[in-house]
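What follows is work-v4.cif (mmCIF, C-alpha atoms).
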data_protein
loop_
_atom_site.label_atom_id
_atom_site.label_comp_id
_atom_site.auth_asym_id
_atom_site.auth_seq_id
_atom_site.Cartn_x
_atom_site.Cartn_y
_atom_site.Cartn_z
CA MET A 1 -40.50 -3.07 23.23
CA ALA A 2 -38.23 -0.88 25.39
CA ASP A 3 -39.80 1.88 27.48
CA LYS A 4 -38.72 5.52 27.22
CA GLY A 5 -36.17 5.18 30.04
CA GLU A 6 -34.51 2.21 28.39
CA GLN A 7 -34.56 4.00 25.03
CA ALA A 8 -32.83 7.01 26.59
CA GLN A 9 -30.14 4.79 28.10
CA GLN A 10 -29.61 3.07 24.75
CA GLN A 11 -29.31 6.41 23.00
CA GLN A 12 -26.81 7.70 25.57
CA ALA A 13 -24.74 4.56 25.14
CA GLN A 14 -24.78 4.93 21.37
CA ASP A 15 -23.89 8.62 21.61
CA GLY A 16 -20.92 7.79 23.77
CA ALA A 17 -19.76 5.01 21.49
CA ARG A 18 -20.01 6.69 18.11
CA SER A 19 -17.62 9.30 16.81
CA ASP A 20 -20.34 11.33 15.04
CA ALA A 21 -22.20 12.01 18.31
CA ARG A 22 -19.36 12.51 20.78
CA GLU A 23 -18.38 15.58 22.77
CA PRO A 24 -15.35 17.67 21.71
CA GLU A 25 -12.14 15.69 22.12
CA ARG A 26 -9.78 16.17 25.04
CA PRO A 27 -6.09 16.85 24.25
CA LYS A 28 -5.07 13.15 24.56
CA GLU A 29 -7.92 12.03 22.32
CA ASP A 30 -7.10 14.79 19.85
CA ALA A 31 -3.48 13.64 19.66
CA GLN A 32 -4.64 10.06 19.04
CA ARG A 33 -6.96 11.22 16.29
CA LEU A 34 -4.16 13.16 14.60
CA ARG A 35 -1.90 10.12 14.79
CA ARG A 36 -4.59 7.96 13.20
CA THR A 37 -5.24 10.50 10.47
CA HIS A 38 -1.53 10.80 9.68
CA ALA A 39 -1.18 7.02 9.50
CA TRP A 40 -4.15 6.71 7.16
CA ARG A 41 -2.94 9.51 4.92
CA ALA A 42 0.58 8.05 4.71
CA ALA A 43 -0.58 4.47 4.07
CA GLU A 44 0.20 3.15 0.60
CA ARG A 45 -2.69 0.67 0.55
CA VAL A 46 -6.20 1.38 1.83
CA LEU A 47 -9.68 0.07 1.12
CA ILE A 48 -10.92 3.63 0.71
CA ARG A 49 -9.35 7.06 0.95
CA PRO A 50 -12.15 9.30 2.25
CA PRO A 51 -12.08 12.89 1.00
CA MET A 52 -12.41 14.12 4.59
CA ASN A 53 -8.85 12.92 5.23
CA LEU A 54 -7.44 15.03 2.40
CA SER A 55 -5.77 18.34 3.15
CA LEU A 56 -7.57 21.61 2.48
CA GLY A 57 -5.37 22.22 -0.54
CA GLU A 58 -6.06 18.77 -1.94
CA ARG A 59 -9.81 19.20 -1.56
CA LEU A 60 -9.78 22.60 -3.24
CA ALA A 61 -7.64 21.26 -6.08
CA ALA A 62 -9.99 18.30 -6.62
CA LEU A 63 -13.01 20.61 -6.64
CA ALA A 64 -11.41 22.94 -9.17
CA ALA A 65 -10.29 20.04 -11.35
CA GLY A 66 -13.71 18.43 -11.52
CA ALA A 67 -16.02 21.44 -11.59
CA GLY A 68 -15.59 22.14 -15.28
CA SER A 69 -16.81 18.67 -16.21
CA VAL A 70 -20.18 19.11 -14.50
CA THR A 71 -21.19 22.71 -15.20
CA ASP A 72 -20.33 25.88 -17.09
CA LEU A 73 -17.84 27.78 -14.94
CA GLU A 74 -18.58 31.05 -16.76
CA ARG A 75 -22.08 31.20 -15.31
CA PRO A 76 -22.79 33.35 -12.24
CA ALA A 77 -22.41 31.78 -8.80
CA ASP A 78 -25.60 30.78 -7.00
CA ILE A 79 -27.57 33.16 -4.79
CA TYR A 80 -30.12 31.73 -2.35
CA GLY A 81 -30.48 28.45 -4.20
CA ASP A 82 -30.44 29.33 -7.88
CA GLY A 83 -27.74 28.56 -10.44
CA VAL A 84 -25.74 25.41 -9.81
CA VAL A 85 -27.83 24.57 -6.73
CA ALA A 86 -31.02 24.53 -8.78
CA GLU A 87 -29.19 22.50 -11.42
CA LEU A 88 -28.31 19.90 -8.75
CA GLU A 89 -31.92 19.80 -7.54
CA GLY A 90 -33.13 19.06 -11.05
CA ARG A 91 -30.53 16.35 -11.45
CA ILE A 92 -31.62 14.63 -8.22
CA ALA A 93 -35.32 14.74 -9.13
CA GLU A 94 -34.45 13.15 -12.47
CA LEU A 95 -32.20 10.48 -10.95
CA LEU A 96 -34.85 9.45 -8.42
CA GLY A 97 -37.82 9.79 -10.75
CA MET A 98 -39.47 12.33 -8.42
CA GLU A 99 -41.39 15.49 -9.35
CA ALA A 100 -39.05 17.85 -7.52
CA ALA A 101 -36.13 18.06 -5.11
CA ALA A 102 -34.78 20.69 -2.71
CA PHE A 103 -31.17 21.12 -1.58
CA PHE A 104 -30.55 21.26 2.18
CA PRO A 105 -27.33 22.12 4.01
CA THR A 106 -27.69 18.99 6.19
CA GLY A 107 -29.52 15.72 6.04
CA THR A 108 -30.70 16.18 9.60
CA MET A 109 -32.58 19.32 8.55
CA ALA A 110 -33.93 17.73 5.37
CA GLN A 111 -35.34 14.76 7.21
CA GLN A 112 -36.84 16.76 10.07
CA VAL A 113 -38.56 19.02 7.56
CA ALA A 114 -39.92 16.07 5.59
CA LEU A 115 -41.36 14.36 8.66
CA ARG A 116 -42.80 17.64 9.92
CA CYS A 117 -44.51 18.30 6.61
CA TRP A 118 -46.00 14.82 6.50
CA ALA A 119 -47.25 15.15 10.07
CA GLY A 120 -49.17 18.26 9.09
CA ARG A 121 -50.61 16.64 5.99
CA THR A 122 -51.67 13.38 7.67
CA GLY A 123 -52.85 15.01 10.88
CA ASN A 124 -50.78 12.50 12.85
CA SER A 125 -47.48 13.56 14.45
CA THR A 126 -46.37 10.00 15.25
CA VAL A 127 -43.52 8.56 13.17
CA ALA A 128 -42.81 4.82 13.08
CA LEU A 129 -39.12 4.09 12.67
CA HIS A 130 -36.36 1.82 13.94
CA PRO A 131 -34.73 2.62 17.32
CA LEU A 132 -31.34 2.47 15.53
CA ALA A 133 -32.43 4.96 12.85
CA HIS A 134 -30.39 8.14 12.54
CA PRO A 135 -32.95 10.49 14.17
CA GLU A 136 -33.10 8.27 17.25
CA VAL A 137 -29.36 7.71 17.69
CA HIS A 138 -27.53 10.73 16.27
CA GLU A 139 -29.79 13.79 16.51
CA ARG A 140 -30.22 14.30 20.27
CA GLY A 141 -33.98 13.95 20.25
CA ALA A 142 -34.47 16.64 17.62
CA LEU A 143 -37.71 15.26 16.17
CA GLU A 144 -39.49 15.78 19.47
CA ALA A 145 -37.56 18.81 20.72
CA VAL A 146 -37.67 20.86 17.51
CA SER A 147 -40.68 19.58 15.59
CA GLY A 148 -42.94 18.16 18.30
CA LEU A 149 -43.03 14.75 16.68
CA ARG A 150 -43.43 11.47 18.54
CA THR A 151 -41.62 8.29 17.53
CA VAL A 152 -42.62 4.65 17.95
CA HIS A 153 -40.73 1.45 17.17
CA PRO A 154 -42.56 -1.44 15.47
CA THR A 155 -39.50 -3.63 16.08
CA SER A 156 -36.23 -3.55 18.02
CA GLU A 157 -34.64 -6.39 16.05
CA PRO A 158 -31.42 -5.39 14.22
CA ARG A 159 -33.25 -5.15 10.88
CA LEU A 160 -36.05 -3.16 9.35
CA PRO A 161 -39.60 -4.10 10.42
CA THR A 162 -41.52 -6.81 8.61
CA ALA A 163 -44.90 -6.31 7.00
CA GLN A 164 -46.53 -8.36 9.74
CA GLU A 165 -44.94 -6.23 12.46
CA ILE A 166 -46.33 -3.12 10.79
CA ARG A 167 -49.81 -4.64 10.53
CA ASP A 168 -49.78 -5.88 14.13
CA PHE A 169 -48.35 -2.71 15.69
CA ALA A 170 -50.81 -1.47 18.31
CA GLU A 171 -50.39 2.30 17.88
CA PRO A 172 -51.48 4.46 14.95
CA PHE A 173 -48.85 6.47 13.08
CA GLY A 174 -48.98 8.92 10.22
CA THR A 175 -45.56 8.28 8.68
CA MET A 176 -43.32 5.25 8.43
CA MET A 177 -39.63 6.08 8.00
CA LEU A 178 -37.32 3.43 6.56
CA GLU A 179 -33.55 3.88 6.68
CA LEU A 180 -32.01 2.15 3.64
CA PRO A 181 -29.61 0.65 4.54
CA LEU A 182 -29.98 0.57 8.35
CA ARG A 183 -26.47 1.75 9.14
CA ASP A 184 -26.23 1.08 12.88
CA ALA A 185 -27.46 -2.48 12.46
CA GLY A 186 -24.63 -3.19 10.02
CA PHE A 187 -25.76 -1.49 6.79
CA VAL A 188 -28.48 -4.11 6.42
CA LEU A 189 -31.24 -4.18 3.81
CA PRO A 190 -34.39 -6.25 3.37
CA THR A 191 -35.01 -8.18 0.19
CA TRP A 192 -36.93 -6.36 -2.54
CA GLU A 193 -40.01 -8.46 -1.82
CA GLU A 194 -39.77 -7.66 1.92
CA LEU A 195 -39.44 -3.96 1.15
CA GLU A 196 -42.49 -3.98 -1.12
CA ALA A 197 -44.47 -5.84 1.52
CA VAL A 198 -43.62 -3.51 4.41
CA VAL A 199 -44.48 -0.45 2.31
CA ALA A 200 -47.80 -2.02 1.34
CA ALA A 201 -48.53 -2.77 5.01
CA ALA A 202 -47.92 0.86 5.97
CA ARG A 203 -50.21 2.09 3.21
CA GLU A 204 -52.91 -0.33 4.37
CA ARG A 205 -52.82 1.59 7.64
CA GLY A 206 -53.17 4.92 5.84
CA ALA A 207 -49.57 5.99 6.54
CA VAL A 208 -47.18 7.72 4.17
CA VAL A 209 -43.69 6.33 3.61
CA HIS A 210 -40.50 8.36 3.89
CA VAL A 211 -37.11 6.83 3.04
CA ASP A 212 -33.94 7.90 4.81
CA GLY A 213 -31.76 7.28 1.79
CA ALA A 214 -28.55 8.88 3.00
CA ARG A 215 -26.87 5.81 1.51
CA LEU A 216 -29.56 4.94 -1.03
CA TRP A 217 -27.05 5.22 -3.86
CA GLU A 218 -25.43 1.86 -3.05
CA CYS A 219 -28.68 -0.08 -2.51
CA ALA A 220 -29.49 -0.72 -6.16
CA PRO A 221 -27.24 -3.80 -6.63
CA HIS A 222 -28.79 -5.58 -3.62
CA PHE A 223 -32.33 -4.93 -4.76
CA GLY A 224 -31.58 -5.55 -8.43
CA ARG A 225 -33.54 -2.39 -9.22
CA GLU A 226 -32.69 1.07 -10.55
CA LEU A 227 -32.93 4.12 -8.28
CA PRO A 228 -36.26 5.42 -9.68
CA GLU A 229 -37.97 2.09 -9.03
CA ILE A 230 -36.67 2.01 -5.45
CA ALA A 231 -37.66 5.64 -4.80
CA ALA A 232 -41.10 5.04 -6.32
CA LEU A 233 -42.04 2.93 -3.29
CA ALA A 234 -41.83 6.03 -1.08
CA ASP A 235 -43.73 9.29 -0.85
CA SER A 236 -40.49 11.16 -0.19
CA VAL A 237 -36.78 10.35 -0.14
CA TYR A 238 -33.78 12.06 1.42
CA VAL A 239 -30.30 11.49 -0.03
CA SER A 240 -26.88 12.62 1.19
CA PHE A 241 -24.06 14.04 -0.90
CA TYR A 242 -21.09 13.58 1.42
CA LYS A 243 -21.86 9.97 2.37
CA THR A 244 -20.87 7.61 -0.46
CA LEU A 245 -20.53 10.34 -3.11
CA GLY A 246 -17.61 12.07 -1.38
CA GLY A 247 -19.17 15.53 -1.42
CA ILE A 248 -18.36 18.37 0.94
CA SER A 249 -21.74 18.55 2.64
CA GLY A 250 -25.42 18.82 1.87
CA ALA A 251 -28.43 16.68 1.09
CA ALA A 252 -31.60 16.71 -0.95
CA LEU A 253 -35.22 15.97 -0.22
CA ALA A 254 -37.20 14.64 -3.19
CA GLY A 255 -40.92 14.06 -3.58
CA PRO A 256 -44.13 15.59 -4.94
CA GLU A 257 -43.92 19.21 -6.10
CA SER A 258 -46.32 20.45 -3.44
CA LEU A 259 -44.37 18.78 -0.64
CA ILE A 260 -41.07 20.19 -1.86
CA GLU A 261 -42.52 23.71 -2.05
CA GLU A 262 -43.68 23.39 1.55
CA ALA A 263 -40.28 21.97 2.50
CA ARG A 264 -38.56 25.03 1.01
CA THR A 265 -40.63 27.22 3.34
CA TRP A 266 -39.60 25.18 6.37
CA ARG A 267 -36.00 25.13 5.16
CA HIS A 268 -36.01 28.92 5.36
CA ARG A 269 -37.60 28.83 8.82
CA TYR A 270 -35.00 26.33 10.03
CA GLY A 271 -32.16 28.58 8.87
CA GLY A 272 -31.23 26.53 5.82
CA GLN A 273 -31.68 29.23 3.18
CA LEU A 274 -27.94 29.91 2.77
CA PHE A 275 -26.66 32.79 0.65
CA GLN A 276 -24.27 30.68 -1.44
CA GLN A 277 -23.67 26.93 -1.53
CA PHE A 278 -21.85 26.40 -4.83
CA PRO A 279 -18.86 24.45 -3.36
CA ALA A 280 -21.17 21.82 -1.84
CA ALA A 281 -23.34 21.71 -4.98
CA LEU A 282 -20.35 21.34 -7.29
CA ALA A 283 -18.86 18.58 -5.13
CA ALA A 284 -22.20 16.77 -5.21
CA LEU A 285 -22.41 16.97 -9.01
CA ILE A 286 -18.85 15.68 -9.28
CA GLY A 287 -19.74 12.77 -6.99
CA LEU A 288 -22.77 11.92 -9.10
CA GLU A 289 -20.59 11.86 -12.21
CA GLN A 290 -17.51 10.09 -10.83
CA GLU A 291 -18.62 7.91 -7.91
CA LEU A 292 -22.22 6.91 -8.63
CA PRO A 293 -21.35 4.82 -11.72
CA GLN A 294 -18.65 2.98 -9.74
CA LEU A 295 -20.85 1.87 -6.84
CA PRO A 296 -21.86 -1.52 -8.27
CA SER A 297 -18.17 -2.45 -8.53
CA TYR A 298 -17.59 -1.31 -4.93
CA VAL A 299 -20.51 -3.43 -3.72
CA ALA A 300 -19.23 -6.48 -5.59
CA GLN A 301 -15.71 -6.00 -4.24
CA ALA A 302 -17.01 -5.62 -0.68
CA LYS A 303 -18.29 -9.19 -0.88
CA VAL A 304 -14.80 -10.37 -1.83
CA VAL A 305 -13.19 -8.35 0.95
CA ALA A 306 -15.66 -9.48 3.63
CA GLY A 307 -15.28 -13.13 2.70
CA ALA A 308 -11.49 -12.90 2.70
CA MET A 309 -11.52 -11.14 6.08
CA ALA A 310 -13.55 -13.98 7.57
CA GLU A 311 -11.11 -16.49 6.11
CA GLY A 312 -8.19 -14.47 7.42
CA PHE A 313 -9.47 -14.29 10.99
CA SER A 314 -10.24 -18.00 10.97
CA ALA A 315 -6.78 -18.89 9.63
CA ALA A 316 -5.12 -16.59 12.19
CA GLY A 317 -6.75 -18.52 15.02
CA VAL A 318 -8.97 -15.73 16.31
CA GLY A 319 -11.31 -17.51 18.71
CA TRP A 320 -14.38 -15.45 17.94
CA PHE A 321 -15.14 -12.83 15.32
CA ARG A 322 -18.05 -11.63 13.27
CA VAL A 323 -18.19 -10.14 9.78
CA HIS A 324 -21.69 -8.71 9.45
CA PRO A 325 -23.59 -9.04 7.24
CA GLU A 326 -21.84 -11.74 5.25
CA PRO A 327 -22.04 -11.19 2.40
CA PRO A 328 -22.46 -7.41 2.71
CA HIS A 329 -25.62 -5.82 1.36
CA THR A 330 -23.78 -2.67 0.23
CA HIS A 331 -20.12 -1.63 -0.01
CA GLN A 332 -20.04 -1.23 3.79
CA PHE A 333 -20.16 -3.79 6.59
CA GLN A 334 -19.12 -4.36 10.21
CA VAL A 335 -16.34 -6.41 11.79
CA TRP A 336 -16.68 -7.49 15.44
CA LEU A 337 -13.82 -8.75 17.64
CA PRO A 338 -13.51 -9.66 21.35
CA TYR A 339 -11.04 -6.92 22.29
CA GLU A 340 -11.24 -3.46 23.82
CA ALA A 341 -11.63 -0.70 21.26
CA ASP A 342 -8.36 1.02 22.22
CA VAL A 343 -6.42 -2.26 21.74
CA LEU A 344 -7.87 -2.70 18.27
CA ALA A 345 -7.30 0.95 17.40
CA GLU A 346 -3.64 0.71 18.40
CA ALA A 347 -3.15 -2.43 16.32
CA SER A 348 -4.81 -0.72 13.34
CA VAL A 349 -2.58 2.35 13.57
CA ARG A 350 0.57 0.31 14.09
CA GLN A 351 -0.21 -1.78 11.04
CA ALA A 352 -0.58 1.35 8.94
CA GLU A 353 2.61 2.91 10.35
CA GLU A 354 4.74 -0.23 10.13
CA THR A 355 3.52 -1.84 6.90
CA GLY A 356 1.91 0.98 4.93
CA VAL A 357 -1.38 -0.97 4.85
CA ALA A 358 -4.42 0.59 6.55
CA LEU A 359 -6.97 -2.20 6.90
CA PHE A 360 -9.23 -0.85 9.67
CA ARG A 361 -10.00 2.62 10.91
CA VAL A 362 -12.03 3.62 13.99
CA TRP A 363 -13.16 0.97 16.50
CA HIS A 364 -16.13 1.40 18.84
CA PRO A 365 -17.03 -0.48 22.02
CA ALA A 366 -20.29 -2.39 21.72
CA ALA A 367 -23.21 -0.43 23.16
CA SER A 368 -24.58 -3.56 24.85
CA GLY A 369 -23.65 -7.16 25.54
CA PRO A 370 -20.59 -8.51 27.32
CA PRO A 371 -17.68 -6.12 27.97
CA GLY A 372 -14.58 -6.29 25.83
CA VAL A 373 -16.35 -6.58 22.47
CA SER A 374 -15.81 -3.90 19.83
CA PHE A 375 -16.68 -3.28 16.21
CA THR A 376 -15.55 -1.24 13.24
CA GLU A 377 -17.16 -0.25 9.96
CA VAL A 378 -15.40 -1.23 6.74
CA THR A 379 -16.02 0.67 3.52
CA VAL A 380 -14.73 -0.46 0.13
CA GLY A 381 -14.13 2.32 -2.36
CA ARG A 382 -12.10 2.97 -5.48
CA GLU A 383 -8.80 2.05 -3.82
CA GLY A 384 -10.23 -1.23 -2.58
CA LEU A 385 -10.79 -2.49 -6.12
CA GLU A 386 -7.06 -3.21 -6.34
CA TRP A 387 -7.12 -5.71 -3.47
CA THR A 388 -7.25 -9.44 -4.09
CA ALA A 389 -8.64 -11.90 -1.58
CA GLN A 390 -5.06 -12.97 -0.88
CA ASP A 391 -4.11 -9.34 -0.15
CA VAL A 392 -6.95 -9.11 2.37
CA ARG A 393 -6.04 -12.37 4.10
CA ALA A 394 -2.40 -11.27 4.38
CA ALA A 395 -3.44 -7.90 5.83
CA VAL A 396 -5.68 -9.61 8.39
CA ARG A 397 -2.77 -11.84 9.41
CA GLU A 398 -0.55 -8.79 9.96
CA PHE A 399 -3.29 -7.06 11.94
CA VAL A 400 -3.83 -10.05 14.25
CA LYS A 401 -0.07 -10.23 14.95
CA ARG A 402 -0.32 -6.76 16.48
CA LEU A 403 -3.06 -7.83 18.89
CA ALA A 404 -0.70 -10.09 20.84
#
Could you write out this file's structure as structure tokens?
Amino acid sequence: MADKGEQAQQQQAQDGARSDAREPERPKEDAQRLRRTHAWRAAERVLIRPPMNLSLGERLAALAAGAGSVTDLERPADIYGDGVVAELEGRIAELLGMEAAAFFPTGTMAQQVALRCWAGRTGNSTVALHPLAHPEVHERGALEAVSGLRTVHPTSEPRLPTAQEIRDFAEPFGTMMLELPLRDAGFVLPTWEELEAVVAAARERGAVVHVDGARLWECAPHFGRELPEIAALADSVYVSFYKTLGGISGAALAGPESLIEEARTWRHRYGGQLFQQFPAALAALIGLEQELPQLPSYVAQAKVVAGAMAEGFSAAGVGWFRVHPEPPHTHQFQVWLPYEADVLAEASVRQAEETGVALFRVWHPAASGPPGVSFTEVTVGREGLEWTAQDVRAAVREFVKRLA
């Protein structure tokens, strides 16, 4: 297991490689980002059209168009968490089969509050989680710096820990946090039987189980279980509204009533008791109505897309590539190629500009391993349902042409 110095170096490398942890862009980088965004917006064919790439006017129009289908627009706007925000909290508790849920402005805050509350209840401030989990990679050491928590890693393999690794781990811990799916390892999930076993192993040690379910919504097809059955394995679950569901922002923490009441207190202390949050709450309700029912079809189509991409790279004579995992566990997966990230990014933008097909988006240099290897994350959404395997193979062929 890596020591603290190695862990810090790994985190710095990840922070430098990932767009959601980088420093503000310099003018050249900003111009490149604007070019990419314009190419994606203008493309006629995409695998997904993320709401974040829409204009302000388009987002406001979509919110106004969908709001009436999810709530009564004649009701008063929310104030400090009532109204439509409370309605969303009740909907999440029902969807996950939990006693209660609390809305948070960010998932980072929701998860820190949950782990802090559990530390107080268990009397143990140590949290067992994966070194690639979101708090370790994307939150700048917040668990320790803000909440005084300590983290340990039962495994460093690019997957969630096994039951045996939890049983054999030498250090005691009060909470085990499982990120489902583990995004930075390739959106990977265990089998249902493996998940049940690792939860049972944690409980044998007297630990509580918290699930980072930012992307929990798309896990059901892989497990072959409904959301309440998945959530029932945990003592608490956090879910995101802008990941997968296309919301504006926000998250929810769900669990026992007493935990959620305590979490509301800490939410206020952390500065998360906002005066009004109805745009984020409405967007979340719209996502639950429009996107959640479609996720099984996205997951199924991702398997088609990933398989066709692998066939396309092989047919194009690419010496080495990796589609991971194959088949995908959710509607998201990684593609790895032996090129510098800026070369791959340029080919991706040129393909969108010259053919109107945007196959790939942002590329990242690998945080470790040999130089010159990069990866991207592929997400299949509503627009991707129109693609056939032949369409994907043809798009891969056009992309590879632009790598010459």
Looking at only C-alpha atoms, which of A:Ala254, A:Val239, A:Val357, A:Ile48 is the one that sits closest to A:Gly90?
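Using only C-alpha atoms, the shortest distance to A:Gly90 belongs to A:Ala254.
Separating atom CA of A:Leu178 from atom CA of A:Glu262 is a distance of 21.5 Å.
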Quick one: residues within 12 Å of (-4.4, 16.9, 5.6) (file frame), counting only C-alpha atoms, please, as a compact mmCIF listing (two decimals) with C-alpha atoms, keeping the file's coordinate frame.
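What landed in point_36.txt:
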# COMPACT_ATOMS: atom_id res chain seq x y z
CA LEU A 34 -4.16 13.16 14.60
CA ARG A 35 -1.90 10.12 14.79
CA ARG A 36 -4.59 7.96 13.20
CA THR A 37 -5.24 10.50 10.47
CA HIS A 38 -1.53 10.80 9.68
CA ALA A 39 -1.18 7.02 9.50
CA TRP A 40 -4.15 6.71 7.16
CA ARG A 41 -2.94 9.51 4.92
CA ALA A 42 0.58 8.05 4.71
CA ARG A 49 -9.35 7.06 0.95
CA PRO A 50 -12.15 9.30 2.25
CA PRO A 51 -12.08 12.89 1.00
CA MET A 52 -12.41 14.12 4.59
CA ASN A 53 -8.85 12.92 5.23
CA LEU A 54 -7.44 15.03 2.40
CA SER A 55 -5.77 18.34 3.15
CA LEU A 56 -7.57 21.61 2.48
CA GLY A 57 -5.37 22.22 -0.54
CA GLU A 58 -6.06 18.77 -1.94
CA ARG A 59 -9.81 19.20 -1.56
CA LEU A 60 -9.78 22.60 -3.24
Out of A:Leu259, A:Ala142, A:Ile248, A:Leu95, which residue has the shortest atom-to-atom distance to A:Gly120 when counting only C-alpha atoms?
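Answer, going by the shortest atom-to-atom distance: A:Leu259.
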Step by step, gather every atom of stretch 161-171 of chain A that the file lists, find the box along x, y and z that holds them, add 5 Å on each side, and finally give centre and edge lengths in Å to one decimal, as lines of an AutoDock Vina configuration file.
center_x = -45.2
center_y = -3.0
center_z = 12.7
size_x = 21.2
size_y = 20.7
size_z = 21.3
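Excluding A:Trp192 itself and same-chain residues fewer than 5 positions from it, the residues having an atom within 9 Å of it are Ala197, His222, Phe223, Gly224, Arg225 and Ile230 of chain A, counting only C-alpha atoms.
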For the point (-47.6, 5.1, 6.4) in file coordinates, what residues are within 6 Å, counting all atoms listed in the file? Give the answer as an MDAnalysis selection string?
chainID A and resid 174:176 202:203 206:209
Best match for closeness to A:Arg402 among A:Gly381, A:Glu291, A:Thr355, A:Ala347, counting all atoms listed in the file:
A:Ala347
Option closest in space to A:Val237, from A:Ala65, A:Leu115, A:Leu282, A:Val304 [counting all atoms listed in the file]
A:Leu115
Could you list, as a list in words, every residue matched by the PyMOL selection byres ((chain A and resi 332) around 9) in this structure?
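Evaluating the PyMOL selection byres ((chain A and resi 332) around 9) on this file yields Arg183, Gly186, Phe187, Val299, Ala302, Pro328, His329, Thr330, His331, Phe333, Gln334, Glu377, Val378, Thr379 and Val380 of chain A.
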Which residue gives the smallest distance to A:Arg121 among A:Ala133, A:Ser258, A:Glu194, A:Arg159, with only C-alpha atoms counted?
A:Ser258
At what distance in Å, to one decimal, does atom CA of A:Arg215 lie from atom CA of A:Glu171?
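Calculated distance between atom CA of A:Glu171 and atom CA of A:Arg215 is 28.9 Å.
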May I ask for the distance between atom CA of A:Asp212 and atom CA of A:Ala62, given in Å to one decimal place?
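These atoms are spaced 28.5 Å apart.
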Can you give me, as JSON, numbers by chain, the residues this file yields under the PyMOL selection byres ((chain A and resi 251) around 8)?
{"A": [103, 104, 105, 106, 107, 110, 238, 239, 240, 241, 242, 249, 250, 252, 253]}
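Of the residues under consideration (A:Gln111, A:Ser156, A:Thr162, A:Ser147), A:Ser156 shows the shortest atom-to-atom contact distance to A:His130 when counting all atoms listed in the file.
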Name every residue that the PyMOL selection byres ((chain A and resi 134) around 10) selects in this structure, writing the answer as number ranges by chain with chains first and numbers rising.
A: 108, 111, 129-133, 135-140, 179, 182-184, 212, 214
Contacts of A:Val199 at 8 Å (all atoms listed in the file; same-chain gap of 5+ positions) as an MDAnalysis selection string:
chainID A and resid 163 209 233:234
So which residues touch stretch 335-345 of chain A within 9 Å, counting only C-alpha atoms, skipping near sequence neighbours fewer than 5 positions away, as an mmCIF file with C-alpha atoms, keeping the file's coordinate frame?
data_model
loop_
_atom_site.group_PDB
_atom_site.id
_atom_site.type_symbol
_atom_site.label_atom_id
_atom_site.label_comp_id
_atom_site.auth_asym_id
_atom_site.auth_seq_id
_atom_site.Cartn_x
_atom_site.Cartn_y
_atom_site.Cartn_z
ATOM 1 C CA ARG A 36 -4.590 7.960 13.200
ATOM 2 C CA ALA A 306 -15.660 -9.480 3.630
ATOM 3 C CA MET A 309 -11.520 -11.140 6.080
ATOM 4 C CA VAL A 318 -8.970 -15.730 16.310
ATOM 5 C CA GLY A 319 -11.310 -17.510 18.710
ATOM 6 C CA TRP A 320 -14.380 -15.450 17.940
ATOM 7 C CA PHE A 321 -15.140 -12.830 15.320
ATOM 8 C CA ARG A 322 -18.050 -11.630 13.270
ATOM 9 C CA VAL A 323 -18.190 -10.140 9.780
ATOM 10 C CA HIS A 324 -21.690 -8.710 9.450
ATOM 11 C CA PRO A 325 -23.590 -9.040 7.240
ATOM 12 C CA ARG A 350 0.570 0.310 14.090
ATOM 13 C CA PHE A 360 -9.230 -0.850 9.670
ATOM 14 C CA ARG A 361 -10.000 2.620 10.910
ATOM 15 C CA VAL A 362 -12.030 3.620 13.990
ATOM 16 C CA TRP A 363 -13.160 0.970 16.500
ATOM 17 C CA HIS A 364 -16.130 1.400 18.840
ATOM 18 C CA PRO A 365 -17.030 -0.480 22.020
ATOM 19 C CA ALA A 366 -20.290 -2.390 21.720
ATOM 20 C CA PRO A 371 -17.680 -6.120 27.970
ATOM 21 C CA GLY A 372 -14.580 -6.290 25.830
ATOM 22 C CA VAL A 373 -16.350 -6.580 22.470
ATOM 23 C CA SER A 374 -15.810 -3.900 19.830
ATOM 24 C CA PHE A 375 -16.680 -3.280 16.210
ATOM 25 C CA THR A 376 -15.550 -1.240 13.240
ATOM 26 C CA GLU A 377 -17.160 -0.250 9.960
ATOM 27 C CA VAL A 378 -15.400 -1.230 6.740
ATOM 28 C CA PHE A 399 -3.290 -7.060 11.940
ATOM 29 C CA ARG A 402 -0.320 -6.760 16.480
ATOM 30 C CA LEU A 403 -3.060 -7.830 18.890
#
Could you add whatever atoms are missing so that stretch 199-204 of chain A carries N, CA and C atoms, then write the result as an mmCIF file, in the coordinates of the input?
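The result, written out as selection.cif:
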data_model
loop_
_atom_site.group_PDB
_atom_site.id
_atom_site.type_symbol
_atom_site.label_atom_id
_atom_site.label_comp_id
_atom_site.auth_asym_id
_atom_site.auth_seq_id
_atom_site.Cartn_x
_atom_site.Cartn_y
_atom_site.Cartn_z
ATOM 1 N N VAL A 199 -43.893 -1.693 2.806
ATOM 2 C CA VAL A 199 -44.480 -0.450 2.310
ATOM 3 C C VAL A 199 -45.983 -0.628 2.115
ATOM 4 N N ALA A 200 -46.379 -1.755 1.538
ATOM 5 C CA ALA A 200 -47.800 -2.020 1.340
ATOM 6 C C ALA A 200 -48.537 -2.085 2.669
ATOM 7 N N ALA A 201 -47.898 -2.667 3.689
ATOM 8 C CA ALA A 201 -48.530 -2.770 5.010
ATOM 9 C C ALA A 201 -48.732 -1.391 5.620
ATOM 10 N N ALA A 202 -47.771 -0.499 5.442
ATOM 11 C CA ALA A 202 -47.920 0.860 5.970
ATOM 12 C C ALA A 202 -49.049 1.594 5.257
ATOM 13 N N ARG A 203 -49.151 1.410 3.955
ATOM 14 C CA ARG A 203 -50.210 2.090 3.210
ATOM 15 C C ARG A 203 -51.579 1.528 3.583
ATOM 16 N N GLU A 204 -51.644 0.237 3.901
ATOM 17 C CA GLU A 204 -52.910 -0.330 4.370
ATOM 18 C C GLU A 204 -53.405 0.375 5.626
#
